[in-house]
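K.L.:
coords00.pdb is the file, holding PDB, C-alpha atoms and all ligand atoms:
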```pdb
ATOM      1  CA  MET A   1       3.915 -18.278  31.105  1.00  0.00           C
ATOM      2  CA  ASN A   2       4.166 -22.063  30.797  1.00  0.00           C
ATOM      3  CA  ALA A   3       0.551 -22.171  29.599  1.00  0.00           C
ATOM      4  CA  LEU A   4       1.526 -19.883  26.741  1.00  0.00           C
ATOM      5  CA  ARG A   5       4.327 -22.253  25.730  1.00  0.00           C
ATOM      6  CA  ASN A   6       1.951 -25.118  25.147  1.00  0.00           C
ATOM      7  CA  LEU A   7      -1.060 -23.602  23.395  1.00  0.00           C
ATOM      8  CA  LYS A   8      -3.328 -26.209  21.840  1.00  0.00           C
ATOM      9  CA  PRO A   9      -3.856 -26.068  18.040  1.00  0.00           C
ATOM     10  CA  ARG A  10      -7.466 -25.002  18.639  1.00  0.00           C
ATOM     11  CA  GLN A  11      -6.352 -22.074  20.825  1.00  0.00           C
ATOM     12  CA  VAL A  12      -3.828 -20.997  18.177  1.00  0.00           C
ATOM     13  CA  GLY A  13      -6.625 -21.196  15.598  1.00  0.00           C
ATOM     14  CA  ILE A  14      -8.825 -18.894  17.698  1.00  0.00           C
ATOM     15  CA  LEU A  15      -5.912 -16.482  18.228  1.00  0.00           C
ATOM     16  CA  LYS A  16      -5.298 -16.461  14.486  1.00  0.00           C
ATOM     17  CA  GLY A  17      -8.946 -15.608  13.848  1.00  0.00           C
ATOM     18  CA  VAL A  18      -8.862 -12.743  16.353  1.00  0.00           C
ATOM     19  CA  LEU A  19      -5.621 -11.443  14.830  1.00  0.00           C
ATOM     20  CA  PHE A  20      -7.144 -11.621  11.344  1.00  0.00           C
ATOM     21  CA  VAL A  21     -10.069  -9.421  12.399  1.00  0.00           C
ATOM     22  CA  LEU A  22      -7.758  -6.990  14.224  1.00  0.00           C
ATOM     23  CA  ALA A  23      -5.442  -6.736  11.195  1.00  0.00           C
ATOM     24  CA  LEU A  24      -8.398  -5.781   9.001  1.00  0.00           C
ATOM     25  CA  LEU A  25      -9.445  -2.923  11.302  1.00  0.00           C
ATOM     26  CA  PRO A  26      -7.150  -0.248   9.756  1.00  0.00           C
ATOM     27  CA  PHE A  27      -8.658  -1.070   6.347  1.00  0.00           C
ATOM     28  CA  VAL A  28     -12.229  -0.999   7.684  1.00  0.00           C
ATOM     29  CA  ARG A  29     -11.424   2.327   9.405  1.00  0.00           C
ATOM     30  CA  LEU A  30     -10.227   3.811   6.097  1.00  0.00           C
ATOM     31  CA  ILE A  31     -13.411   2.690   4.329  1.00  0.00           C
ATOM     32  CA  ALA A  32     -15.541   4.095   7.172  1.00  0.00           C
ATOM     33  CA  PHE A  33     -13.641   7.399   7.073  1.00  0.00           C
ATOM     34  CA  GLY A  34     -14.288   7.524   3.318  1.00  0.00           C
ATOM     35  CA  PHE A  35     -18.049   7.125   3.816  1.00  0.00           C
ATOM     36  CA  LEU A  36     -18.104   9.566   6.734  1.00  0.00           C
ATOM     37  CA  ASP A  37     -16.121  12.149   4.765  1.00  0.00           C
ATOM     38  CA  ARG A  38     -13.373  12.156   7.380  1.00  0.00           C
ATOM     39  CA  LEU A  39     -10.331  11.715   5.122  1.00  0.00           C
ATOM     40  CA  GLY A  40      -9.373  15.381   5.494  1.00  0.00           C
ATOM     41  CA  ALA A  41      -8.636  18.077   2.927  1.00  0.00           C
ATOM     42  CA  ASN A  42      -6.303  15.787   0.971  1.00  0.00           C
ATOM     43  CA  PRO A  43      -7.807  12.260   0.988  1.00  0.00           C
ATOM     44  CA  ILE A  44      -5.120  10.783  -1.321  1.00  0.00           C
ATOM     45  CA  GLU A  45      -2.351  11.933   1.008  1.00  0.00           C
ATOM     46  CA  PHE A  46      -4.287  10.627   4.013  1.00  0.00           C
ATOM     47  CA  ILE A  47      -4.774   7.168   2.464  1.00  0.00           C
ATOM     48  CA  THR A  48      -1.193   6.983   1.135  1.00  0.00           C
ATOM     49  CA  ARG A  49       0.284   7.884   4.522  1.00  0.00           C
ATOM     50  CA  ASN A  50      -2.081   5.657   6.470  1.00  0.00           C
ATOM     51  CA  THR A  51      -1.487   2.564   4.309  1.00  0.00           C
ATOM     52  CA  GLY A  52       2.289   3.327   4.250  1.00  0.00           C
ATOM     53  CA  ASP A  53       2.339   3.426   8.054  1.00  0.00           C
ATOM     54  CA  TRP A  54       0.395   0.153   8.343  1.00  0.00           C
ATOM     55  CA  THR A  55       2.688  -1.567   5.823  1.00  0.00           C
ATOM     56  CA  LEU A  56       5.640  -0.605   7.988  1.00  0.00           C
ATOM     57  CA  TYR A  57       3.921  -1.723  11.228  1.00  0.00           C
ATOM     58  CA  PHE A  58       3.021  -5.119   9.775  1.00  0.00           C
ATOM     59  CA  LEU A  59       6.516  -5.623   8.339  1.00  0.00           C
ATOM     60  CA  CYS A  60       8.022  -4.904  11.771  1.00  0.00           C
ATOM     61  CA  ILE A  61       5.527  -7.202  13.536  1.00  0.00           C
ATOM     62  CA  THR A  62       6.203 -10.000  10.995  1.00  0.00           C
ATOM     63  CA  LEU A  63       9.965  -9.646  11.382  1.00  0.00           C
ATOM     64  CA  ALA A  64       9.625  -9.669  15.185  1.00  0.00           C
ATOM     65  CA  VAL A  65       7.923 -13.092  15.226  1.00  0.00           C
ATOM     66  CA  THR A  66      11.074 -15.246  14.935  1.00  0.00           C
ATOM     67  CA  PRO A  67      13.163 -13.401  17.582  1.00  0.00           C
ATOM     68  CA  LEU A  68      10.143 -13.383  19.925  1.00  0.00           C
ATOM     69  CA  ARG A  69       9.630 -17.110  19.386  1.00  0.00           C
ATOM     70  CA  ARG A  70      13.292 -17.789  20.176  1.00  0.00           C
ATOM     71  CA  LEU A  71      13.215 -15.597  23.280  1.00  0.00           C
ATOM     72  CA  THR A  72      10.003 -17.007  24.712  1.00  0.00           C
ATOM     73  CA  GLY A  73       9.920 -20.558  23.349  1.00  0.00           C
ATOM     74  CA  TRP A  74       6.373 -19.906  22.069  1.00  0.00           C
ATOM     75  CA  ASN A  75       6.750 -22.035  18.958  1.00  0.00           C
ATOM     76  CA  TRP A  76       3.123 -21.587  17.917  1.00  0.00           C
ATOM     77  CA  LEU A  77       3.977 -17.967  16.967  1.00  0.00           C
ATOM     78  CA  ILE A  78       5.361 -19.371  13.715  1.00  0.00           C
ATOM     79  CA  ARG A  79       1.804 -20.286  12.713  1.00  0.00           C
ATOM     80  CA  LEU A  80       0.859 -16.600  12.728  1.00  0.00           C
ATOM     81  CA  ARG A  81       3.802 -15.342  10.707  1.00  0.00           C
ATOM     82  CA  ARG A  82       2.601 -16.062   7.188  1.00  0.00           C
ATOM     83  CA  MET A  83      -0.733 -14.361   7.841  1.00  0.00           C
ATOM     84  CA  LEU A  84       1.057 -11.290   9.256  1.00  0.00           C
ATOM     85  CA  GLY A  85       3.394 -11.234   6.235  1.00  0.00           C
ATOM     86  CA  LEU A  86       0.418 -11.370   3.905  1.00  0.00           C
ATOM     87  CA  PHE A  87      -1.168  -8.443   5.727  1.00  0.00           C
ATOM     88  CA  SER A  88       2.062  -6.439   5.143  1.00  0.00           C
ATOM     89  CA  PHE A  89       1.612  -7.241   1.478  1.00  0.00           C
ATOM     90  CA  PHE A  90      -2.088  -6.378   1.550  1.00  0.00           C
ATOM     91  CA  TYR A  91      -1.353  -2.919   2.966  1.00  0.00           C
ATOM     92  CA  VAL A  92       1.553  -2.258   0.579  1.00  0.00           C
ATOM     93  CA  VAL A  93      -0.695  -3.138  -2.370  1.00  0.00           C
ATOM     94  CA  LEU A  94      -3.302  -0.648  -1.094  1.00  0.00           C
ATOM     95  CA  HIS A  95      -0.485   1.901  -0.572  1.00  0.00           C
ATOM     96  CA  PHE A  96       0.890   1.378  -4.073  1.00  0.00           C
ATOM     97  CA  MET A  97      -2.554   1.336  -5.705  1.00  0.00           C
ATOM     98  CA  THR A  98      -3.447   4.655  -4.038  1.00  0.00           C
ATOM     99  CA  PHE A  99      -0.297   6.125  -5.548  1.00  0.00           C
ATOM    100  CA  PHE A 100      -0.697   4.482  -8.963  1.00  0.00           C
ATOM    101  CA  TRP A 101      -4.466   4.863  -9.304  1.00  0.00           C
ATOM    102  CA  PHE A 102      -5.543   8.018  -7.459  1.00  0.00           C
ATOM    103  CA  ASP A 103      -2.271   9.949  -7.749  1.00  0.00           C
ATOM    104  CA  HIS A 104      -1.280   8.971 -11.307  1.00  0.00           C
ATOM    105  CA  PHE A 105      -4.478   7.549 -12.836  1.00  0.00           C
ATOM    106  CA  PHE A 106      -2.569   4.472 -14.105  1.00  0.00           C
ATOM    107  CA  ASP A 107      -0.156   6.651 -16.103  1.00  0.00           C
ATOM    108  CA  VAL A 108       2.881   4.322 -16.042  1.00  0.00           C
ATOM    109  CA  GLU A 109       5.274   6.899 -17.560  1.00  0.00           C
ATOM    110  CA  GLU A 110       4.379   9.559 -15.033  1.00  0.00           C
ATOM    111  CA  MET A 111       4.616   7.018 -12.213  1.00  0.00           C
ATOM    112  CA  TRP A 112       8.153   6.007 -13.288  1.00  0.00           C
ATOM    113  CA  ARG A 113       9.185   9.668 -13.412  1.00  0.00           C
ATOM    114  CA  ASP A 114       7.989  10.072  -9.817  1.00  0.00           C
ATOM    115  CA  VAL A 115       9.614   6.804  -8.682  1.00  0.00           C
ATOM    116  CA  ILE A 116      12.973   7.914 -10.121  1.00  0.00           C
ATOM    117  CA  LYS A 117      12.721  11.561  -9.009  1.00  0.00           C
ATOM    118  CA  ARG A 118      11.875  11.031  -5.323  1.00  0.00           C
ATOM    119  CA  PRO A 119      14.362   8.760  -3.491  1.00  0.00           C
ATOM    120  CA  PHE A 120      11.910   7.681  -0.759  1.00  0.00           C
ATOM    121  CA  ILE A 121       9.511   6.416  -3.440  1.00  0.00           C
ATOM    122  CA  THR A 122      12.433   4.648  -5.185  1.00  0.00           C
ATOM    123  CA  VAL A 123      13.229   2.842  -1.921  1.00  0.00           C
ATOM    124  CA  GLY A 124       9.529   2.050  -1.331  1.00  0.00           C
ATOM    125  CA  PHE A 125       9.210   0.719  -4.868  1.00  0.00           C
ATOM    126  CA  ILE A 126      12.273  -1.545  -4.491  1.00  0.00           C
ATOM    127  CA  ALA A 127      10.891  -2.837  -1.158  1.00  0.00           C
ATOM    128  CA  PHE A 128       7.537  -3.509  -2.832  1.00  0.00           C
ATOM    129  CA  VAL A 129       9.122  -5.466  -5.703  1.00  0.00           C
ATOM    130  CA  LEU A 130      11.163  -7.502  -3.180  1.00  0.00           C
ATOM    131  CA  LEU A 131       7.998  -8.343  -1.253  1.00  0.00           C
ATOM    132  CA  ILE A 132       6.138  -9.742  -4.280  1.00  0.00           C
ATOM    133  CA  PRO A 133       7.893 -13.177  -4.418  1.00  0.00           C
ATOM    134  CA  LEU A 134       7.757 -13.413  -0.628  1.00  0.00           C
ATOM    135  CA  ALA A 135       3.980 -13.149  -0.712  1.00  0.00           C
ATOM    136  CA  GLY A 136       3.633 -16.045  -3.162  1.00  0.00           C
ATOM    137  CA  PRO A 137       2.791 -19.603  -2.178  1.00  0.00           C
ATOM    138  CA  PRO A 138       5.651 -21.426  -0.475  1.00  0.00           C
ATOM    139  CA  GLY A 139       6.783 -23.901  -3.123  1.00  0.00           C
ATOM    140  CA  ALA A 140       9.708 -25.560  -4.808  1.00  0.00           C
ATOM    141  CA  GLY A 141      12.650 -23.251  -5.266  1.00  0.00           C
ATOM    142  CA  ARG A 142      10.872 -20.354  -3.616  1.00  0.00           C
ATOM    143  CA  GLN A 143      11.364 -19.081  -0.109  1.00  0.00           C
ATOM    144  CA  SER A 144       8.403 -17.343   1.399  1.00  0.00           C
ATOM    145  CA  LEU A 145       8.197 -15.120   4.477  1.00  0.00           C
ATOM    146  CA  LEU A 146       7.270 -18.278   6.340  1.00  0.00           C
ATOM    147  CA  THR A 147       9.428 -20.953   4.866  1.00  0.00           C
ATOM    148  CA  CYS A 148      12.827 -19.202   5.073  1.00  0.00           C
ATOM    149  CA  SER A 149      13.642 -19.869   8.678  1.00  0.00           C
ATOM    150  CA  SER A 150      11.511 -22.973   9.202  1.00  0.00           C
ATOM    151  CA  SER A 151      13.177 -24.783   6.295  1.00  0.00           C
ATOM    152  CA  ALA A 152      16.568 -23.544   7.458  1.00  0.00           C
ATOM    153  CA  GLN A 153      15.782 -25.003  10.866  1.00  0.00           C
ATOM    154  CA  SER A 154      14.694 -28.374   9.517  1.00  0.00           C
ATOM    155  CA  ASN A 155      17.868 -28.462   7.392  1.00  0.00           C
ATOM    156  CA  ARG A 156      19.895 -27.790  10.532  1.00  0.00           C
ATOM    157  CA  ARG A 157      18.018 -30.520  12.398  1.00  0.00           C
ATOM    158  CA  THR A 158      18.634 -33.023   9.586  1.00  0.00           C
ATOM    159  CA  SER A 159      22.349 -32.286   9.466  1.00  0.00           C
ATOM    160  CA  VAL A 160      22.718 -32.749  13.256  1.00  0.00           C
ATOM    161  CA  ARG A 161      21.156 -36.215  13.087  1.00  0.00           C
TER     162      ARG A 161
HETATM  163  C1  LIG A 201       7.437  -2.013   1.643  1.00  0.00           C
HETATM  164  C2  LIG A 201       7.172  -0.940   0.937  1.00  0.00           C
HETATM  165  C3  LIG A 201       6.790   0.411   1.481  1.00  0.00           C
HETATM  166  C4  LIG A 201       6.740   0.870   2.761  1.00  0.00           C
HETATM  167  C5  LIG A 201       7.107   0.145   4.053  1.00  0.00           C
HETATM  168  C6  LIG A 201       6.273   2.250   2.706  1.00  0.00           C
HETATM  169  C7  LIG A 201       6.085   3.055   3.813  1.00  0.00           C
HETATM  170  C8  LIG A 201       5.731   4.380   3.757  1.00  0.00           C
HETATM  171  C9  LIG A 201       5.602   5.247   4.900  1.00  0.00           C
HETATM  172  C10 LIG A 201       5.814   4.819   6.350  1.00  0.00           C
HETATM  173  C11 LIG A 201       5.255   6.474   4.440  1.00  0.00           C
HETATM  174  C12 LIG A 201       5.077   7.739   5.257  1.00  0.00           C
HETATM  175  C13 LIG A 201       3.708   7.808   5.871  1.00  0.00           C
HETATM  176  C14 LIG A 201       3.596   9.023   6.781  1.00  0.00           C
HETATM  177  O1  LIG A 201       4.018  10.114   6.410  1.00  0.00           O
HETATM  178  O2  LIG A 201       3.036   8.848   7.881  1.00  0.00           O
HETATM  179  C15 LIG A 201       5.157   6.394   3.000  1.00  0.00           C
HETATM  180  C16 LIG A 201       4.808   7.447   2.183  1.00  0.00           C
HETATM  181  C17 LIG A 201       4.706   7.358   0.827  1.00  0.00           C
HETATM  182  N1  LIG A 201       4.918   6.245   0.054  1.00  0.00           N
HETATM  183 FE1  LIG A 201       5.465   4.425   0.721  1.00  0.00          FE
HETATM  184  N2  LIG A 201       6.059   2.596   1.403  1.00  0.00           N
HETATM  185  C18 LIG A 201       6.349   1.500   0.623  1.00  0.00           C
HETATM  186  C19 LIG A 201       6.221   1.394  -0.745  1.00  0.00           C
HETATM  187  C20 LIG A 201       5.818   2.426  -1.577  1.00  0.00           C
HETATM  188  C21 LIG A 201       5.620   2.304  -3.008  1.00  0.00           C
HETATM  189  C22 LIG A 201       5.788   1.020  -3.828  1.00  0.00           C
HETATM  190  C23 LIG A 201       5.241   3.535  -3.450  1.00  0.00           C
HETATM  191  C24 LIG A 201       4.921   3.956  -4.853  1.00  0.00           C
HETATM  192  C25 LIG A 201       5.543   3.521  -5.893  1.00  0.00           C
HETATM  193  C26 LIG A 201       5.166   4.417  -2.308  1.00  0.00           C
HETATM  194  C27 LIG A 201       4.794   5.739  -2.345  1.00  0.00           C
HETATM  195  C28 LIG A 201       4.691   6.573  -1.263  1.00  0.00           C
HETATM  196  C29 LIG A 201       4.327   7.981  -1.340  1.00  0.00           C
HETATM  197  C30 LIG A 201       4.006   8.785  -2.611  1.00  0.00           C
HETATM  198  C31 LIG A 201       4.324   8.461  -0.035  1.00  0.00           C
HETATM  199  C32 LIG A 201       4.117   9.911   0.406  1.00  0.00           C
HETATM  200  C33 LIG A 201       2.790  10.292   0.849  1.00  0.00           C
HETATM  201  C34 LIG A 201       2.860  11.786   1.178  1.00  0.00           C
HETATM  202  O3  LIG A 201       3.509  12.144   2.153  1.00  0.00           O
HETATM  203  O4  LIG A 201       2.307  12.535   0.404  1.00  0.00           O
HETATM  204  N3  LIG A 201       5.529   3.713  -1.191  1.00  0.00           N
HETATM  205  N4  LIG A 201       5.447   5.113   2.616  1.00  0.00           N
END
```
Using the file provided, produce a representation of the structure as structure tokens.
P.N.:
Amino acid sequence: MNALRNLKPRQVGILKGVLFVLALLPFVRLIAFGFLDRLGANPIEFITRNTGDWTLYFLCITLAVTPLRRLTGWNWLIRLRRMLGLFSFFYVVLHFMTFFWFDHFFDVEEMWRDVIKRPFITVGFIAFVLLIPLAGPPGAGRQSLLTCSSSAQSNRRTSVR
């Protein structure tokens, strides 16, 4: 356990690379299923549900990083959080594009009607809009998925000194 507390930067880099490849697997699987004609009788529904599920998984994993880091003292976990957050965004963009492109053929009016009519899509749409600024580069005046708690922590540290 102690070894895990003090991972070297190189080891964290390798872990990050492995995680990157693993996080791409659901996407690669979808593409493979498309080529192998294994998306079922309703491919749009299959892709929408699959990408929706993976968005939710990645959001949960990203949000679990900080509590896990506090519980275990594995501070290097913070270096994985932005990448995980960006994968949440990657899958929600695929999810949204499936809906907007394949389901509505870029018909904005029809999409809005659907967003307003079905409450679970309304909630999904609001969540998507809220995620957009979080996926941007961490910069002045903007808090990203990564910077929120780390900047809050450094502020706390500064005020204690
Ligand atoms: C953070 C944002 C979002 C999350 C976490 C999310 C998650 C999910 C999940 C878990 C499902 C159910 C998958 C299943 O049945 O296994 C789903 C379905 C769906 N989502 Fe989202 N979603 C999000 C945003 C959106 C957006 C922006 C839209 C479109 C504007 C959208 C449209 C849909 C539709 C149409 C389905 C239904 C697919 C079907 O059952 O036919 N979602 N979403």
K.L.:
Nearest to ligand LIG 201 (chain A) among A:Pro67, A:Pro133, A:Gly52, A:Pro43, with distances taken over all atoms listed in the file: which residue is it?
P.N.:
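Of A:Pro67, A:Pro133, A:Gly52, A:Pro43, the one nearest ligand LIG 201 (chain A), counting all atoms listed in the file, is A:Gly52.
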K.L.:
Per residue of chain A within 10 Å of ligand LIG 201 (chain A), what are the shortest atom pair and its distance in Å to one decimal, counting all atoms listed in the file, with rows by chain and residue number, as JSON lines?
P.N.:
```
{"residue": "A:Asn42", "atom": "CA", "partner": "A:LIG201", "partner_atom": "O4", "distance": 9.2}
{"residue": "A:Ile44", "atom": "CA", "partner": "A:LIG201", "partner_atom": "O4", "distance": 7.8}
{"residue": "A:Glu45", "atom": "CA", "partner": "A:LIG201", "partner_atom": "O4", "distance": 4.7}
{"residue": "A:Phe46", "atom": "CA", "partner": "A:LIG201", "partner_atom": "O4", "distance": 7.8}
{"residue": "A:Ile47", "atom": "CA", "partner": "A:LIG201", "partner_atom": "C33", "distance": 8.3}
{"residue": "A:Thr48", "atom": "CA", "partner": "A:LIG201", "partner_atom": "C33", "distance": 5.2}
{"residue": "A:Arg49", "atom": "CA", "partner": "A:LIG201", "partner_atom": "C13", "distance": 3.7}
{"residue": "A:Asn50", "atom": "CA", "partner": "A:LIG201", "partner_atom": "O2", "distance": 6.2}
{"residue": "A:Thr51", "atom": "CA", "partner": "A:LIG201", "partner_atom": "C8", "distance": 7.5}
{"residue": "A:Gly52", "atom": "CA", "partner": "A:LIG201", "partner_atom": "C8", "distance": 3.6}
{"residue": "A:Asp53", "atom": "CA", "partner": "A:LIG201", "partner_atom": "C10", "distance": 4.1}
{"residue": "A:Trp54", "atom": "CA", "partner": "A:LIG201", "partner_atom": "C10", "distance": 7.4}
{"residue": "A:Thr55", "atom": "CA", "partner": "A:LIG201", "partner_atom": "C5", "distance": 5.1}
{"residue": "A:Leu56", "atom": "CA", "partner": "A:LIG201", "partner_atom": "C5", "distance": 4.3}
{"residue": "A:Tyr57", "atom": "CA", "partner": "A:LIG201", "partner_atom": "C5", "distance": 8.1}
{"residue": "A:Phe58", "atom": "CA", "partner": "A:LIG201", "partner_atom": "C5", "distance": 8.8}
{"residue": "A:Leu59", "atom": "CA", "partner": "A:LIG201", "partner_atom": "C5", "distance": 7.2}
{"residue": "A:Cys60", "atom": "CA", "partner": "A:LIG201", "partner_atom": "C5", "distance": 9.3}
{"residue": "A:Ser88", "atom": "CA", "partner": "A:LIG201", "partner_atom": "C1", "distance": 7.8}
{"residue": "A:Phe89", "atom": "CA", "partner": "A:LIG201", "partner_atom": "C1", "distance": 7.8}
{"residue": "A:Tyr91", "atom": "CA", "partner": "A:LIG201", "partner_atom": "C3", "distance": 8.9}
{"residue": "A:Val92", "atom": "CA", "partner": "A:LIG201", "partner_atom": "C2", "distance": 5.8}
{"residue": "A:Val93", "atom": "CA", "partner": "A:LIG201", "partner_atom": "C22", "distance": 7.8}
{"residue": "A:Leu94", "atom": "CA", "partner": "A:LIG201", "partner_atom": "C21", "distance": 9.6}
{"residue": "A:His95", "atom": "CA", "partner": "A:LIG201", "partner_atom": "N3", "distance": 6.3}
{"residue": "A:Phe96", "atom": "CA", "partner": "A:LIG201", "partner_atom": "C24", "distance": 4.8}
{"residue": "A:Met97", "atom": "CA", "partner": "A:LIG201", "partner_atom": "C24", "distance": 8.0}
{"residue": "A:Thr98", "atom": "CA", "partner": "A:LIG201", "partner_atom": "C24", "distance": 8.4}
{"residue": "A:Phe99", "atom": "CA", "partner": "A:LIG201", "partner_atom": "C24", "distance": 5.7}
{"residue": "A:Phe100", "atom": "CA", "partner": "A:LIG201", "partner_atom": "C24", "distance": 7.0}
{"residue": "A:Asp103", "atom": "CA", "partner": "A:LIG201", "partner_atom": "C30", "distance": 8.2}
{"residue": "A:Met111", "atom": "CA", "partner": "A:LIG201", "partner_atom": "C25", "distance": 7.3}
{"residue": "A:Trp112", "atom": "CA", "partner": "A:LIG201", "partner_atom": "C25", "distance": 8.2}
{"residue": "A:Asp114", "atom": "CA", "partner": "A:LIG201", "partner_atom": "C25", "distance": 8.0}
{"residue": "A:Val115", "atom": "CA", "partner": "A:LIG201", "partner_atom": "C25", "distance": 5.9}
{"residue": "A:Ile116", "atom": "CA", "partner": "A:LIG201", "partner_atom": "C25", "distance": 9.6}
{"residue": "A:Arg118", "atom": "CA", "partner": "A:LIG201", "partner_atom": "C30", "distance": 8.6}
{"residue": "A:Phe120", "atom": "CA", "partner": "A:LIG201", "partner_atom": "N1", "distance": 7.2}
{"residue": "A:Ile121", "atom": "CA", "partner": "A:LIG201", "partner_atom": "C27", "distance": 4.9}
{"residue": "A:Thr122", "atom": "CA", "partner": "A:LIG201", "partner_atom": "C25", "distance": 7.0}
{"residue": "A:Val123", "atom": "CA", "partner": "A:LIG201", "partner_atom": "C19", "distance": 7.3}
{"residue": "A:Gly124", "atom": "CA", "partner": "A:LIG201", "partner_atom": "C19", "distance": 3.4}
{"residue": "A:Phe125", "atom": "CA", "partner": "A:LIG201", "partner_atom": "C22", "distance": 3.6}
{"residue": "A:Ile126", "atom": "CA", "partner": "A:LIG201", "partner_atom": "C22", "distance": 7.0}
{"residue": "A:Ala127", "atom": "CA", "partner": "A:LIG201", "partner_atom": "C1", "distance": 4.5}
{"residue": "A:Phe128", "atom": "CA", "partner": "A:LIG201", "partner_atom": "C2", "distance": 4.6}
{"residue": "A:Val129", "atom": "CA", "partner": "A:LIG201", "partner_atom": "C22", "distance": 7.5}
{"residue": "A:Leu130", "atom": "CA", "partner": "A:LIG201", "partner_atom": "C1", "distance": 8.2}
{"residue": "A:Leu131", "atom": "CA", "partner": "A:LIG201", "partner_atom": "C1", "distance": 7.0}
{"residue": "A:Ile132", "atom": "CA", "partner": "A:LIG201", "partner_atom": "C1", "distance": 9.8}
```
K.L.:
So how far away is atom CA of Lys16 of chain A from atom CA of Arg79 of chain A, in Å?
P.N.:
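Computing the Euclidean distance for atom CA of Arg79 of chain A and atom CA of Lys16 of chain A yields 8.3 Å.
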K.L.:
Give me, please, the distance in Å between atom CA of Pro26 of chain A and atom CA of His104 of chain A, quoted to one decimal.
P.N.:
23.7 Å
K.L.:
Measure the distance from atom CA of Met83 of chain A to atom CA of Leu25 of chain A in Å and round it to one decimal.
P.N.:
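Interatomic distance, atom CA of Met83 of chain A to atom CA of Leu25 of chain A: 14.8 Å.
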K.L.:
Excluding Leu77 of chain A and its own-chain neighbours fewer than 3 positions away, which residues fall within 10 Å of it when counting all atoms listed in the file? Please give them as an MDAnalysis selection string.
P.N.:
chainID A and resid 5 7 12 16 65:66 68:70 72:74 80:81
K.L.:
For Gln11 of chain A, which residue among A:Thr62, A:Ala23, A:Trp76, A:Phe102 is the nearest when counting all atoms listed in the file?
P.N.:
A:Trp76
